[in-house]
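Source file my_file-v2.pdb; content: PDB, C-alpha atoms.
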```
ATOM      1  CA  MET A 539     -23.221   8.513  13.075
ATOM      2  CA  PRO A 540     -20.100   9.428  15.069
ATOM      3  CA  ILE A 541     -17.558   6.658  15.632
ATOM      4  CA  THR A 542     -16.868   5.902  19.281
ATOM      5  CA  ARG A 543     -13.310   4.755  19.904
ATOM      6  CA  GLU A 544     -14.191   2.717  22.984
ATOM      7  CA  ALA A 545     -16.882   0.779  21.100
ATOM      8  CA  LEU A 546     -15.029   0.232  17.830
ATOM      9  CA  ARG A 547     -15.238  -3.400  16.716
ATOM     10  CA  TYR A 548     -13.913  -5.197  13.627
ATOM     11  CA  PRO A 549     -14.841  -8.466  11.898
ATOM     12  CA  ALA A 550     -13.036 -11.676  12.797
ATOM     13  CA  LYS A 551     -12.625 -15.078  11.217
ATOM     14  CA  ARG A 552     -12.018 -16.535  14.671
ATOM     15  CA  VAL A 553     -11.905 -14.998  18.137
ATOM     16  CA  LEU A 554      -8.665 -16.045  19.792
ATOM     17  CA  LEU A 555      -9.058 -13.702  22.743
ATOM     18  CA  ALA A 556     -12.380 -11.966  23.286
ATOM     19  CA  ARG A 557     -12.218  -8.393  24.507
ATOM     20  CA  THR A 558     -10.744  -8.633  27.988
ATOM     21  CA  ARG A 559      -9.550  -6.201  30.612
ATOM     22  CA  LEU A 560      -5.939  -5.321  29.935
ATOM     23  CA  ALA A 561      -5.073  -5.978  33.574
ATOM     24  CA  TYR A 562      -5.526  -9.709  32.922
ATOM     25  CA  VAL A 563      -3.369  -9.912  29.761
ATOM     26  CA  HIS A 564       0.358  -9.378  29.237
ATOM     27  CA  LEU A 565       0.723  -8.138  25.661
ATOM     28  CA  ARG A 566       4.334  -9.212  25.125
ATOM     29  CA  ASN A 567       3.554 -12.724  26.376
ATOM     30  CA  LEU A 568       0.521 -12.851  24.097
ATOM     31  CA  LEU A 569       2.653 -11.934  21.072
ATOM     32  CA  THR A 570       5.369 -14.410  22.084
ATOM     33  CA  ASP A 571       2.783 -17.188  22.270
ATOM     34  CA  ALA A 572       1.546 -16.203  18.809
ATOM     35  CA  MET A 573       5.044 -16.825  17.409
ATOM     36  CA  ARG A 574       6.028 -19.899  19.411
ATOM     37  CA  ASP A 575       4.293 -22.698  17.511
ATOM     38  CA  ARG A 576       4.817 -22.552  13.743
ATOM     39  CA  THR A 577       1.639 -24.543  13.069
ATOM     40  CA  ALA A 578      -0.402 -22.143  15.198
ATOM     41  CA  ARG A 579       0.862 -18.897  13.672
ATOM     42  CA  VAL A 580      -2.055 -16.934  12.327
ATOM     43  CA  CYS A 581      -2.903 -13.822  10.386
ATOM     44  CA  GLY A 582      -4.904 -11.480  12.541
ATOM     45  CA  TYR A 583      -4.946  -8.349  14.612
ATOM     46  CA  VAL A 584      -4.670  -7.233  18.209
ATOM     47  CA  VAL A 585      -6.650  -4.175  19.266
ATOM     48  CA  VAL A 586      -5.810  -2.383  22.517
ATOM     49  CA  TRP A 587      -8.219   0.176  23.944
ATOM     50  CA  LEU A 588      -6.328   2.559  26.251
ATOM     51  CA  PRO A 589      -7.953   5.495  28.075
ATOM     52  CA  ASP A 590      -6.730   8.003  25.475
ATOM     53  CA  GLU A 591      -5.688   5.883  22.492
ATOM     54  CA  LEU A 592      -6.652   2.955  20.288
ATOM     55  CA  ILE A 593      -3.763   0.781  19.084
ATOM     56  CA  THR A 594      -4.029  -1.853  16.356
ATOM     57  CA  LEU A 595      -1.305  -4.431  15.766
ATOM     58  CA  PHE A 596      -1.395  -6.338  12.468
ATOM     59  CA  LEU A 597       0.038  -9.866  12.470
ATOM     60  CA  GLU A 598       1.112 -12.159   9.639
ATOM     61  CA  GLU A 599       2.229 -15.705  10.442
ATOM     62  CA  GLY A 600       2.066 -14.775  14.108
ATOM     63  CA  GLU A 601       4.508 -11.868  13.762
ATOM     64  CA  VAL A 602       3.597  -8.203  14.178
ATOM     65  CA  VAL A 603       4.257  -6.522  10.826
ATOM     66  CA  ASN A 604       2.600  -3.122  11.279
ATOM     67  CA  ALA A 605       0.769  -0.937  13.772
ATOM     68  CA  THR A 606      -1.562   2.059  13.876
ATOM     69  CA  SER A 607      -2.766   4.470  16.516
ATOM     70  CA  SER A 608      -5.855   6.647  16.890
ATOM     71  CA  SER A 609      -6.966   9.089  19.543
ATOM     72  CA  ASP A 610     -10.596   9.207  18.398
ATOM     73  CA  GLY A 611     -11.294   6.035  16.396
ATOM     74  CA  GLU A 612     -11.630   7.998  13.149
ATOM     75  CA  ARG A 613      -8.179   9.371  12.314
ATOM     76  CA  PHE A 614      -5.352   6.823  12.389
ATOM     77  CA  GLN A 615      -1.635   7.019  11.793
ATOM     78  CA  GLU A 616       0.966   4.340  11.208
ATOM     79  CA  ILE A 617       3.426   4.077  14.099
ATOM     80  CA  ALA A 618       6.546   2.009  14.728
ATOM     81  CA  ILE A 619       5.875  -1.488  16.030
ATOM     82  CA  SER A 620       8.138  -1.021  19.057
ATOM     83  CA  ASP A 621       6.432   2.274  19.823
ATOM     84  CA  ALA A 622       2.974   0.679  19.658
ATOM     85  CA  ILE A 623       3.937  -2.197  21.942
ATOM     86  CA  GLY A 624       5.784   0.140  24.292
ATOM     87  CA  ARG A 625       2.705   2.313  24.777
ATOM     88  CA  VAL A 626       0.796  -0.598  26.311
ATOM     89  CA  PRO A 627       1.596  -0.831  30.030
ATOM     90  CA  SER A 628       2.397  -4.296  31.369
ATOM     91  CA  SER A 629      -0.013  -3.942  34.287
ATOM     92  CA  ALA A 630      -2.723  -1.533  33.223
ATOM     93  CA  GLU A 631      -5.540  -0.681  35.593
ATOM     94  CA  TYR A 632      -7.674   0.584  32.719
ATOM     95  CA  GLY A 633      -8.062  -0.523  29.133
ATOM     96  CA  SER A 634      -8.941  -3.706  27.271
ATOM     97  CA  ILE A 635      -7.540  -5.945  24.554
ATOM     98  CA  CYS A 636      -8.658  -8.498  21.975
ATOM     99  CA  PHE A 637      -6.864 -10.883  19.612
ATOM    100  CA  HIS A 638      -8.728 -11.992  16.478
ATOM    101  CA  GLU A 639      -7.786 -14.109  13.496
ATOM    102  CA  ALA A 640      -8.599 -12.573  10.108
ATOM    103  CA  LEU A 641      -7.950 -13.302   6.451
ATOM    104  CA  ALA A 642      -5.133 -11.419   4.722
ATOM    105  CA  GLU A 643      -7.619  -9.540   2.523
ATOM    106  CA  GLN A 644      -9.352  -8.144   5.589
ATOM    107  CA  LEU A 645      -6.043  -7.058   7.143
ATOM    108  CA  ASP A 646      -5.107  -5.292   3.903
ATOM    109  CA  THR A 647      -8.487  -3.565   3.938
ATOM    110  CA  MET A 648      -8.331  -2.601   7.616
ATOM    111  CA  PHE A 649      -4.942  -0.963   7.153
ATOM    112  CA  VAL A 650      -5.863   1.035   4.044
ATOM    113  CA  THR A 651      -9.168   2.226   5.518
ATOM    114  CA  GLN A 652      -7.324   3.393   8.622
ATOM    115  CA  THR A 653      -4.430   5.134   6.903
ATOM    116  CA  GLY A 654      -5.609   5.956   3.363
ATOM    117  CA  MET A 655      -8.091   8.306   1.690
ATOM    118  CA  PRO A 656     -11.517   7.097   0.509
ATOM    119  CA  LEU A 657     -12.925   7.721  -2.938
ATOM    120  CA  PRO A 658     -15.682  10.346  -3.274
ATOM    121  CA  TRP A 659     -19.289   9.291  -3.790
ATOM    122  CA  PRO A 660     -21.322  11.103  -6.465
ATOM    123  CA  HIS A 661     -23.537  13.740  -4.859
ATOM    124  CA  GLU A 662     -26.674  12.195  -6.323
ATOM    125  CA  ILE A 663     -26.138   8.777  -4.695
ATOM    126  CA  LYS A 664     -28.315   8.128  -1.644
ATOM    127  CA  LEU A 665     -26.184   5.950   0.589
ATOM    128  CA  ASP A 666     -29.209   4.551   2.393
ATOM    129  CA  ASP A 667     -30.583   3.216  -0.900
ATOM    130  CA  GLY A 668     -29.001  -0.185  -1.427
ATOM    131  CA  ASP A 669     -30.326  -0.603  -4.962
ATOM    132  CA  ALA A 670     -28.982   2.791  -6.068
ATOM    133  CA  LEU A 671     -25.586   2.107  -4.497
ATOM    134  CA  LEU A 672     -25.352  -1.311  -6.162
ATOM    135  CA  ALA A 673     -26.392   0.177  -9.496
ATOM    136  CA  PHE A 674     -23.595   2.763  -9.204
ATOM    137  CA  LEU A 675     -21.019   0.067  -8.448
ATOM    138  CA  TYR A 676     -22.131  -1.984 -11.423
ATOM    139  CA  ALA A 677     -22.236   1.004 -13.767
ATOM    140  CA  THR A 678     -18.673   1.990 -12.856
ATOM    141  CA  MET A 679     -17.422  -1.637 -12.719
ATOM    142  CA  HIS A 680     -15.782  -0.720  -9.432
ATOM    143  CA  ASP A 681     -12.984  -2.894  -8.018
ATOM    144  CA  GLY A 682     -12.401  -2.253  -4.363
ATOM    145  CA  VAL A 683     -14.130  -2.193  -1.015
ATOM    146  CA  ILE A 684     -17.175  -0.697   0.670
ATOM    147  CA  GLU A 685     -16.665   0.120   4.336
ATOM    148  CA  LEU A 686     -19.668   0.512   6.628
ATOM    149  CA  VAL A 687     -19.358   1.715  10.203
ATOM    150  CA  ASP A 688     -22.638   1.178  11.997
ATOM    151  CA  ASP A 689     -22.693   2.334  15.622
ATOM    152  CA  SER A 690     -18.877   1.900  15.749
ATOM    153  CA  VAL A 691     -19.149  -1.651  14.366
ATOM    154  CA  VAL A 692     -17.109  -2.012  11.166
ATOM    155  CA  HIS A 693     -18.061  -4.116   8.123
ATOM    156  CA  TYR A 694     -16.297  -4.564   4.792
ATOM    157  CA  VAL A 695     -17.646  -5.710   1.425
ATOM    158  CA  ALA A 696     -15.183  -6.639  -1.323
ATOM    159  CA  VAL A 697     -16.361  -5.558  -4.793
ATOM    160  CA  SER A 698     -15.108  -6.966  -8.108
ATOM    161  CA  SER A 699     -16.212  -5.577 -11.492
ATOM    162  CA  GLY A 700     -19.071  -3.781  -9.791
ATOM    163  CA  SER A 701     -20.425  -6.808  -7.910
ATOM    164  CA  PRO A 702     -20.115  -7.522  -4.171
ATOM    165  CA  ILE A 703     -18.343 -10.863  -3.874
ATOM    166  CA  ARG A 704     -17.253 -11.218  -0.229
ATOM    167  CA  GLY A 705     -18.291  -9.732   3.044
ATOM    168  CA  TYR A 706     -16.402  -9.313   6.295
ATOM    169  CA  PHE A 707     -19.095  -8.550   8.835
ATOM    170  CA  ALA A 708     -18.659  -7.901  12.538
ATOM    171  CA  ASP A 709     -22.112  -9.360  13.158
ATOM    172  CA  THR A 710     -23.794 -12.552  12.001
ATOM    173  CA  GLN A 711     -24.375 -12.492   8.269
ATOM    174  CA  SER A 712     -27.977 -12.982   7.173
ATOM    175  CA  GLY A 713     -28.384 -14.259   3.623
ATOM    176  CA  ASP A 714     -25.865 -13.578   0.877
ATOM    177  CA  VAL A 715     -23.471 -10.649   0.711
ATOM    178  CA  VAL A 716     -25.801  -8.420  -1.338
ATOM    179  CA  ALA A 717     -28.762  -9.070   0.958
ATOM    180  CA  HIS A 718     -26.726  -8.322   4.064
ATOM    181  CA  LEU A 719     -25.325  -5.149   2.530
ATOM    182  CA  LYS A 720     -28.843  -3.946   1.720
ATOM    183  CA  MET A 721     -29.947  -4.744   5.271
ATOM    184  CA  LEU A 722     -27.140  -2.660   6.753
ATOM    185  CA  LEU A 723     -27.929   0.267   4.449
ATOM    186  CA  ALA A 724     -31.700   0.232   4.916
ATOM    187  CA  PRO A 725     -33.190   3.130   6.944
ATOM    188  CA  ARG A 726     -34.108   2.181  10.517
ATOM    189  CA  GLY A 727     -36.479   4.862  11.668
ATOM    190  CA  ALA A 728     -34.874   7.329  14.044
ATOM    191  CA  ALA A 729     -31.569   5.432  14.160
ATOM    192  CA  PRO A 730     -28.773   7.326  12.379
ATOM    193  CA  PRO A 731     -27.487   5.754   9.145
ATOM    194  CA  PRO A 732     -24.090   4.042   9.012
ATOM    195  CA  VAL A 733     -20.986   5.780   7.726
ATOM    196  CA  VAL A 734     -20.427   4.387   4.217
ATOM    197  CA  ARG A 735     -17.116   4.904   2.416
ATOM    198  CA  LEU A 736     -15.820   3.698  -0.931
ATOM    199  CA  TRP A 737     -12.258   2.469  -1.369
ATOM    200  CA  PRO A 738     -10.085   1.208  -4.228
ATOM    201  CA  ARG A 739      -8.703  -2.307  -4.079
ATOM    202  CA  ALA A 740      -6.384  -2.523  -1.085
ATOM    203  CA  GLU A 741      -2.695  -3.110  -1.662
ATOM    204  CA  ALA A 742      -0.953  -5.798   0.359
ATOM    205  CA  LEU A 743      -0.438  -4.885   3.995
ATOM    206  CA  PRO A 744       2.967  -3.164   4.183
ATOM    207  CA  ALA A 745       5.450  -4.763   6.564
ATOM    208  CA  GLN A 746       7.658  -2.592   8.723
ATOM    209  CA  ALA A 747      11.247  -3.460   9.491
ATOM    210  CA  SER A 748      11.192  -5.519  12.658
ATOM    211  CA  PRO A 749      12.239  -3.953  15.976
ATOM    212  CA  ALA A 750      14.949  -6.634  16.206
ATOM    213  CA  LEU A 751      16.464  -5.533  12.887
ATOM    214  CA  ILE A 752      16.327  -1.854  13.871
ATOM    215  CA  GLN A 753      18.127  -2.652  17.129
ATOM    216  CA  ALA A 754      20.683  -4.730  15.226
ATOM    217  CA  TYR A 755      21.431  -1.721  13.008
ATOM    218  CA  ARG A 756      21.771   0.506  16.077
ATOM    219  CA  ASP A 757      24.253  -1.989  17.508
ATOM    220  CA  LEU A 758      26.072  -2.101  14.170
ATOM    221  CA  ILE A 759      26.639   1.663  14.250
ATOM    222  CA  VAL A 760      27.919   1.389  17.821
ATOM    223  CA  GLY A 761      30.238  -1.398  16.670
ATOM    224  CA  LEU A 762      31.514   0.754  13.814
ATOM    225  CA  THR A 763      32.223   3.633  16.187
ATOM    226  CA  THR A 764      34.034   1.341  18.628
ATOM    227  CA  HIS A 765      36.102  -0.191  15.823
ATOM    228  CA  LEU A 766      37.138   3.207  14.498
ATOM    229  CA  GLY A 767      38.170   4.331  17.965
ATOM    230  CA  ALA A 768      40.147   1.139  18.624
ATOM    231  CA  SER A 769      41.878   1.565  15.261
ATOM    232  CA  GLY A 770      43.209   4.974  16.211
ATOM    233  CA  ALA A 771      40.575   7.334  14.801
ATOM    234  CA  VAL A 772      40.315  10.511  16.862
ATOM    235  CA  ASN A 773      36.754  11.475  17.845
ATOM    236  CA  ALA A 774      35.240   8.368  16.229
ATOM    237  CA  ALA A 775      31.727   9.265  17.411
ATOM    238  CA  GLU A 776      31.940  12.664  15.712
ATOM    239  CA  ILE A 777      33.124  11.046  12.476
ATOM    240  CA  VAL A 778      30.086   8.740  12.436
ATOM    241  CA  GLU A 779      27.705  11.569  13.338
ATOM    242  CA  ASP A 780      29.180  13.941  10.747
ATOM    243  CA  ALA A 781      28.488  11.301   8.094
ATOM    244  CA  ARG A 782      24.878  10.847   9.261
ATOM    245  CA  ARG A 783      23.711  14.469   9.297
ATOM    246  CA  PRO A 784      23.902  15.190   5.539
ATOM    247  CA  LEU A 785      22.155  11.900   4.776
ATOM    248  CA  VAL A 786      19.032  12.815   6.757
ATOM    249  CA  ALA A 787      17.773  14.890   3.823
ATOM    250  CA  THR A 788      17.882  11.780   1.599
ATOM    251  CA  HIS A 789      16.996   9.252   4.306
ATOM    252  CA  PRO A 790      14.730  10.968   6.883
ATOM    253  CA  LEU A 791      14.568   7.791   8.947
ATOM    254  CA  LEU A 792      18.216   8.368   9.947
ATOM    255  CA  GLU A 793      16.914  11.178  12.153
ATOM    256  CA  ARG A 794      15.900   8.328  14.485
ATOM    257  CA  PHE A 795      19.493   7.067  14.667
ATOM    258  CA  ALA A 796      21.180  10.090  16.233
ATOM    259  CA  PRO A 797      23.981   8.680  18.441
ATOM    260  CA  THR A 798      23.475  11.481  20.959
ATOM    261  CA  MET A 799      19.833  10.385  21.475
ATOM    262  CA  PRO A 800      19.983   6.724  22.585
ATOM    263  CA  THR A 801      16.312   6.673  23.641
ATOM    264  CA  VAL A 802      14.968   7.963  20.315
ATOM    265  CA  ARG A 803      11.966   6.054  18.970
ATOM    266  CA  ASP A 804      12.266   3.612  16.103
ATOM    267  CA  PRO A 805      11.495   4.839  12.583
ATOM    268  CA  VAL A 806       8.490   3.688  10.566
ATOM    269  CA  SER A 807      10.178   2.035   7.594
ATOM    270  CA  ASP A 808      10.187  -1.099   5.495
ATOM    271  CA  THR A 809      13.246  -3.347   5.586
ATOM    272  CA  LEU A 810      14.660  -2.412   2.173
ATOM    273  CA  THR A 811      14.446   1.350   2.771
ATOM    274  CA  LEU A 812      16.062   0.957   6.177
ATOM    275  CA  SER A 813      18.881  -1.226   4.850
ATOM    276  CA  ASN A 814      19.616   1.204   2.003
ATOM    277  CA  ALA A 815      19.840   4.098   4.473
ATOM    278  CA  ILE A 816      22.206   2.222   6.784
ATOM    279  CA  ALA A 817      24.327   1.122   3.807
ATOM    280  CA  ASP A 818      24.689   4.732   2.665
ATOM    281  CA  TRP A 819      25.702   5.750   6.189
ATOM    282  CA  LEU A 820      28.299   3.005   6.448
ATOM    283  CA  GLY A 821      29.580   3.867   2.985
ATOM    284  CA  ALA A 822      29.929   7.566   3.833
ATOM    285  CA  VAL A 823      31.958   6.780   6.952
ATOM    286  CA  LEU A 824      34.210   4.145   5.404
ATOM    287  CA  ARG A 825      34.917   5.980   2.150
ATOM    288  CA  GLU A 826      36.167   8.951   4.141
ATOM    289  CA  ARG A 827      38.298   6.713   6.361
ATOM    290  CA  ALA A 828      39.738   4.736   3.416
ATOM    291  CA  ALA A 829      42.033   7.704   2.713
ATOM    292  CA  SER A 830      43.540   7.174   6.180
ATOM    293  CA  GLY A 831      44.467   3.570   5.484
ATOM    294  CA  PHE A 832      41.304   1.785   6.625
ATOM    295  CA  ALA A 833      40.228  -1.167   4.483
ATOM    296  CA  PRO A 834      36.393  -0.881   4.222
ATOM    297  CA  GLU A 835      35.821  -4.560   3.403
ATOM    298  CA  GLN A 836      37.854  -5.720   6.385
ATOM    299  CA  VAL A 837      36.117  -3.321   8.767
ATOM    300  CA  LEU A 838      32.705  -4.399   7.528
ATOM    301  CA  ARG A 839      33.472  -8.103   7.841
ATOM    302  CA  GLU A 840      34.526  -7.603  11.441
ATOM    303  CA  ILE A 841      31.564  -5.520  12.589
ATOM    304  CA  VAL A 842      28.827  -7.517  10.824
ATOM    305  CA  ALA A 843      30.150 -11.009  11.569
ATOM    306  CA  ALA A 844      27.995 -11.671  14.635
ATOM    307  CA  ARG A 845      24.750 -10.978  12.732
ATOM    308  CA  ARG A 846      25.877 -11.710   9.218
ATOM    309  CA  HIS A 847      22.845 -13.780   8.242
ATOM    310  CA  LEU A 848      20.358 -11.250   9.636
ATOM    311  CA  PHE A 849      21.938  -8.418   7.656
ATOM    312  CA  GLN A 850      22.172 -10.535   4.528
ATOM    313  CA  ALA A 851      18.458 -11.387   4.719
ATOM    314  CA  ALA A 852      17.676  -7.680   5.190
ATOM    315  CA  GLY A 853      19.533  -6.753   1.982
ATOM    316  CA  LEU A 854      22.329  -4.766   3.610
ATOM    317  CA  PHE A 855      25.173  -6.437   1.747
ATOM    318  CA  HIS A 856      23.483  -5.915  -1.605
ATOM    319  CA  ALA A 857      23.146  -2.184  -0.858
ATOM    320  CA  LEU A 858      26.763  -1.659   0.191
ATOM    321  CA  PRO A 859      29.240  -0.247  -2.339
ATOM    322  CA  TRP A 860      31.642  -3.121  -1.521
ATOM    323  CA  LYS A 861      31.019  -6.807  -2.038
ATOM    324  CA  LEU A 862      32.151  -8.783   0.969
ATOM    325  CA  GLN A 863      33.933 -12.121   0.539
ATOM    326  CA  TRP A 864      33.420 -14.685   3.297
TER     327      TRP A 864
END
```

Show how you would write the structure in this file as structure tokens.
Amino acid sequence: MPITREALRYPAKRVLLARTRLAYVHLRNLLTDAMRDRTARVCGYVVVWLPDELITLFLEEGEVVNATSSSDGERFQEIAISDAIGRVPSSAEYGSICFHEALAEQLDTMFVTQTGMPLPWPHEIKLDDGDALLAFLYATMHDGVIELVDDSVVHYVAVSSGSPIRGYFADTQSGDVVAHLKMLLAPRGAAPPPVVRLWPRAEALPAQASPALIQAYRDLIVGLTTHLGASGAVNAAEIVEDARRPLVATHPLLERFAPTMPTVRDPVSDTLTLSNAIADWLGAVLRERAASGFAPEQVLREIVAARRHLFQAAGLFHALPWKLQW
């Protein structure tokens, strides 16, 4: 059965905002409200249906930690959080949005089934035969997840040692997990069967570096350039850029930090990888300038002072070749 992007629907522990026309919802305000009250911060997801794209935002403790995009509801790609939010117009005439609470295990599963590769089924397994499918799982002692997409409605069944143990169903569950799984798999006359895919156990949902941290690093590079210029360096911007270019081969995300492209999109990166890349860039600039009398530790203390605690939490100071004394 083909998956229809406009009809795609996922399970929810609790519906915080039922699917609503996007014209009535301001996404940034919705996300701000999700972060405002510590006691109300939830794990969940926001899905935005645009005319030509489906965007999923994954939230932990009320904060967006990752995002995906799909043009057809079947093939997804991870995209930068700022990019995902920026693609949603503030006053859209078309489109819709929902906000659902979900357990962490479901979020992990949603992300891996959108961005990963499923395991192959044996050719002899009939996927509309619940008993045969369960027998295969038990025989292989499978640990992972079964994903069923039935008329664009998505269900997940967690499997441990070959036995279904938990179900995340987008409809009302009837009976226990095994009984409901068999019901979904059972032939229904002329109706096409669901898409059934097998997955390994999902890893924890990866968290991207926050847009605020990425912007802070952009500002840090601007501050470094300004400091070099004020200290007498000729063509400070070229010095910083000349240090960046060779590092792109080792840190591809630095391609998104080209000083000559101020509107470039944010990279898709975790915090540690991003901090290591920025530390290498700073190190390359300051090591070269040390020969001209610049004191790297002093320069760093001056340019990071305003956001010292943010950079420390992100691991920047640990990645630098110099240990700063405060």

Task: Chain and number of each residue from the PyMOL selection byres ((chain A and resi 590) around 9), as a list in words - done: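 That expression, the PyMOL selection byres ((chain A and resi 590) around 9), corresponds here to Trp587, Leu588, Pro589, Glu591, Leu592, Ser608, Ser609 and Asp610 of chain A.
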
Excluding Gly682 in chain A and residues on its chain fewer than 4 positions from it, collect all residues at most 12 Å away from it, counting all atoms listed in the file, and give them as a PDB file with C-alpha atoms, keeping the file's coordinate frame.
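Result went into out-v4.pdb, see below:
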```
ATOM      1  CA  GLU A 643      -7.619  -9.540   2.523  1.00  0.00           C
ATOM      2  CA  GLN A 644      -9.352  -8.144   5.589  1.00  0.00           C
ATOM      3  CA  ASP A 646      -5.107  -5.292   3.903  1.00  0.00           C
ATOM      4  CA  THR A 647      -8.487  -3.565   3.938  1.00  0.00           C
ATOM      5  CA  VAL A 650      -5.863   1.035   4.044  1.00  0.00           C
ATOM      6  CA  THR A 651      -9.168   2.226   5.518  1.00  0.00           C
ATOM      7  CA  PRO A 656     -11.517   7.097   0.509  1.00  0.00           C
ATOM      8  CA  LEU A 657     -12.925   7.721  -2.938  1.00  0.00           C
ATOM      9  CA  LEU A 675     -21.019   0.067  -8.448  1.00  0.00           C
ATOM     10  CA  THR A 678     -18.673   1.990 -12.856  1.00  0.00           C
ATOM     11  CA  TYR A 694     -16.297  -4.564   4.792  1.00  0.00           C
ATOM     12  CA  VAL A 695     -17.646  -5.710   1.425  1.00  0.00           C
ATOM     13  CA  ALA A 696     -15.183  -6.639  -1.323  1.00  0.00           C
ATOM     14  CA  VAL A 697     -16.361  -5.558  -4.793  1.00  0.00           C
ATOM     15  CA  SER A 698     -15.108  -6.966  -8.108  1.00  0.00           C
ATOM     16  CA  SER A 699     -16.212  -5.577 -11.492  1.00  0.00           C
ATOM     17  CA  GLY A 700     -19.071  -3.781  -9.791  1.00  0.00           C
ATOM     18  CA  SER A 701     -20.425  -6.808  -7.910  1.00  0.00           C
ATOM     19  CA  PRO A 702     -20.115  -7.522  -4.171  1.00  0.00           C
ATOM     20  CA  ILE A 703     -18.343 -10.863  -3.874  1.00  0.00           C
ATOM     21  CA  ARG A 704     -17.253 -11.218  -0.229  1.00  0.00           C
ATOM     22  CA  ARG A 735     -17.116   4.904   2.416  1.00  0.00           C
ATOM     23  CA  LEU A 736     -15.820   3.698  -0.931  1.00  0.00           C
ATOM     24  CA  TRP A 737     -12.258   2.469  -1.369  1.00  0.00           C
ATOM     25  CA  PRO A 738     -10.085   1.208  -4.228  1.00  0.00           C
ATOM     26  CA  ARG A 739      -8.703  -2.307  -4.079  1.00  0.00           C
ATOM     27  CA  ALA A 740      -6.384  -2.523  -1.085  1.00  0.00           C
ATOM     28  CA  GLU A 741      -2.695  -3.110  -1.662  1.00  0.00           C
TER      29      GLU A 741
END
```

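Evaluated on this file, the PyMOL selection byres ((chain A and resi 540-557) around 6) matches Met539, Thr558, Asp610, Gly611, Ile635, Cys636, Phe637, His638, Glu639, Ala640, Ser690, Val691, Val692, Tyr706, Phe707 and Ala708 of chain A.
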
- [ ] Would you kindly translate the PyMOL selection byres ((chain A and resi 580-582) around 8) into the concrete residues it picks from this file, as a PyMOL selection string?
- [x] chain A and resi 572+578-579+583-584+596-600+637-642+645

- [ ] Taking the point (29.1, 9.0, 4.7) as given in the file, collect each protein or nucleic acid residue that comes within 10 Å of it, counting all atoms listed in the file, and present the set as a PyMOL selection string.
- [x] chain A and resi 777-785+816-827

Open item on the list: Which residue is closest to Ile619 in chain A? Choose from A:Met721, A:Leu848, A:Met655, A:Val806 and count only C-alpha atoms.
Closed with: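 Closest to Ile619 in chain A of all the choices is A:Val806.
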
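For Arg566 in chain A, the list of residues within 10 Å, based on all atoms listed in the file and with local chain neighbours fewer than 6 positions off taken out, reads Ala572, Ile623, Gly624, Val626 and Ser628 of chain A.
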
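Closest approach to Thr606 in chain A among A:Thr570, A:Gly761, A:Thr798, A:Pro744: A:Pro744, based on all atoms listed in the file.
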
Task: From A:Ala745, A:Ala851, A:Met679, A:Leu862, residue lying nearest Glu835 in chain A [all atoms listed in the file] - done: A:Leu862

Task: All residues 12 Å or closer to Asp669 in chain A, all atoms listed in the file, same chain fewer than 3 positions away omitted, as a list of chain:residue names - done: A:Ile663, A:Lys664, A:Leu665, A:Asp666, A:Leu672, A:Ala673, A:Phe674, A:Leu675, A:Tyr676, A:Val716, A:Ala717, A:Leu719, A:Lys720, A:Met721, A:Leu723, A:Ala724
